[in-house]
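First up is the structure itself, then whatever we jot down about it.
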Amino acid sequence: MKIAIFPGSFDPFTIGHESILRRAIPMFDKIIVMIGFNANKKSFFSLEKRLKWINQVFKHDEKVEVRVHEGLTVDFCKEVGARYILRGLRTSADFEYERAIAQVNKKMHPEIETVFLLTLPEHTPINATIIRDIVFHGGDASMFLPKGLDMSEFKSE
């Protein structure tokens with residue numbers, strides 16, 4: 001099986017994340033959305049909400065599974081038998097950062113490949129930090145979030 005891990009904090013999961021994942025689904029037999037968890041880092045939205053939202057968006061897609069992991073992504077890959085890490089790129093700055101991580105991962109585990117997908121042009125300016133700021137200040141972020149989410153739950157904690 002071709003299994004890919006799509007790692008991130010997804011705090012929150014945006015239409016940019018959704019687009020990358022939907023476009024990658026035909027390439028793999030299974031994609032595990034790995035919500036990275038760091039006990040030392042305060043998240044804006046609870047882990048439970050993020051799990052619920054992503055599962056809600058992909059409830060009809062058998063190829064998508066959502067899991068939580070604390071630790072290195074490559075260790076999670078080994079744990080679940082994944083040979084691919086899926087990453088989205090918005091900008092050249094994203095590329096430089098992601099390239100460095102991918103090269104270190106490759107050195108640590110040569111059998112794991114990182115696959116990059118470019119965001120759609122209309123999603124380039126969307127990032128979770130900006131969305132969190134909109135929500136924090138009481139703005140309407142719904143146009144940047146996947147359709148079908150219960151927006152009444154989309155408030156800061």
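Chain labels follow the order of the structure tokens: the first chain is A, the next B, and so on; residue numbering restarts at 1 in every chain, and ligands are counted from 1 in their shown order.
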
Which neighbours of A:Ile101 fall inside 10 Å, counting only C-alpha atoms, when residues of the same chain fewer than 6 positions from it are skipped, and could you give them as a PyMOL selection string?
-> chain A and resi 95+107+114

Residue subset to file, keeping N, CA and C atoms, as a tab-separated table (two decimals), in the first residue's frame:
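Done, and the output landed in again.tsv:
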```tsv
chain	number	residue	atom	x	y	z
A	95	PHE	N	9.08	26.64	0.76
A	95	PHE	CA	9.93	25.66	0.09
A	95	PHE	C	11.26	25.50	0.82
A	107	LYS	N	17.83	11.81	5.32
A	107	LYS	CA	19.09	11.32	5.91
A	107	LYS	C	18.81	10.34	7.05
A	114	THR	N	9.50	12.65	0.62
A	114	THR	CA	8.59	13.78	0.84
A	114	THR	C	8.06	14.23	-0.51
```

For A:Leu47, work out the shell of residues within 9 Å, counting only C-alpha atoms and skipping chain neighbours fewer than 6 positions away, then give it as a ChimeraX atom specification.
-> /A:11,35,37,68

How would the residues just chosen look if you wrote them out with N, CA and C atoms as a PDB file, in the first residue's frame?
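Here's the written file again.pdb:
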```pdb
ATOM      1  N   ASP A  11      -4.200  24.114  13.018  1.00  0.00           N
ATOM      2  CA  ASP A  11      -4.775  24.934  14.080  1.00  0.00           C
ATOM      3  C   ASP A  11      -5.132  26.310  13.546  1.00  0.00           C
ATOM      4  N   ILE A  35      -2.086  15.004  13.131  1.00  0.00           N
ATOM      5  CA  ILE A  35      -2.085  16.245  13.893  1.00  0.00           C
ATOM      6  C   ILE A  35      -0.937  16.149  14.891  1.00  0.00           C
ATOM      7  N   PHE A  37       1.170  16.982  17.975  1.00  0.00           N
ATOM      8  CA  PHE A  37       0.806  17.425  19.312  1.00  0.00           C
ATOM      9  C   PHE A  37       2.083  17.708  20.088  1.00  0.00           C
ATOM     10  N   VAL A  68      -3.410  11.533  15.910  1.00  0.00           N
ATOM     11  CA  VAL A  68      -2.597  12.482  16.672  1.00  0.00           C
ATOM     12  C   VAL A  68      -1.271  11.806  16.995  1.00  0.00           C
TER      13      VAL A  68
END
```

Across A:Glu48, A:Glu65, A:Glu70, A:Glu18, the smallest distance to A:Ile32, with only C-alpha atoms counted, is shown by A:Glu65

**Request:** For stretch 127-133 of chain A, list every protein, DNA or RNA residue within 12 Å, evaluated using only C-alpha atoms, and leave out those in the same chain fewer than 3 positions away; present the list as a ChimeraX atom specification.
**Result:** /A:8-17,43-45,88-91,94,119,122-124,136-145,154-157

### Task
May I ask which of the residues A:Leu86, A:Val104, A:Ala93, A:Leu120 is the closest one to A:Leu72, counting only C-alpha atoms?
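Under the stated criterion, the closest residue is A:Val104.
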
With distances taken over only C-alpha atoms, the candidate from A:Thr73, A:Gln103, A:Ser92, A:Gln56 nearest A:Phe6 is A:Thr73

Q: Would you please work out which residue, of A:Pro26, A:Ile20, A:Asn105, A:Arg99, is nearest to A:Glu62 when using only C-alpha atoms?
A: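 Once distances to A:Glu62 are computed over only C-alpha atoms, the minimum belongs to A:Pro26.
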
Practice item. Determine which residues of stretch 35-97 of chain A DSSP labels as strand (DSSP E or B) from the backbone of this structure, then write them out as a PyMOL selection string. Key: chain A and resi 35-36+64-69+84-89

Next item on the list: Report the distance between atom CA of A:Pro146 and atom CA of A:Trp53 in Å, rounded to one decimal place.
Entry: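 Atom CA of A:Pro146 sits 9.0 Å away from atom CA of A:Trp53.
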
Worksheet item: For A:Asp29, which residue among A:Phe116, A:Lys42, A:Val135, A:Met1 is the nearest when counting only C-alpha atoms?
Response: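 Of A:Phe116, A:Lys42, A:Val135, A:Met1, the one nearest A:Asp29 is A:Met1, counting only C-alpha atoms.
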
Using only C-alpha atoms, the best pick from A:Ile126, A:Ile112, A:Val33, A:Ile25 as closest to A:Cys77 would be A:Ile112
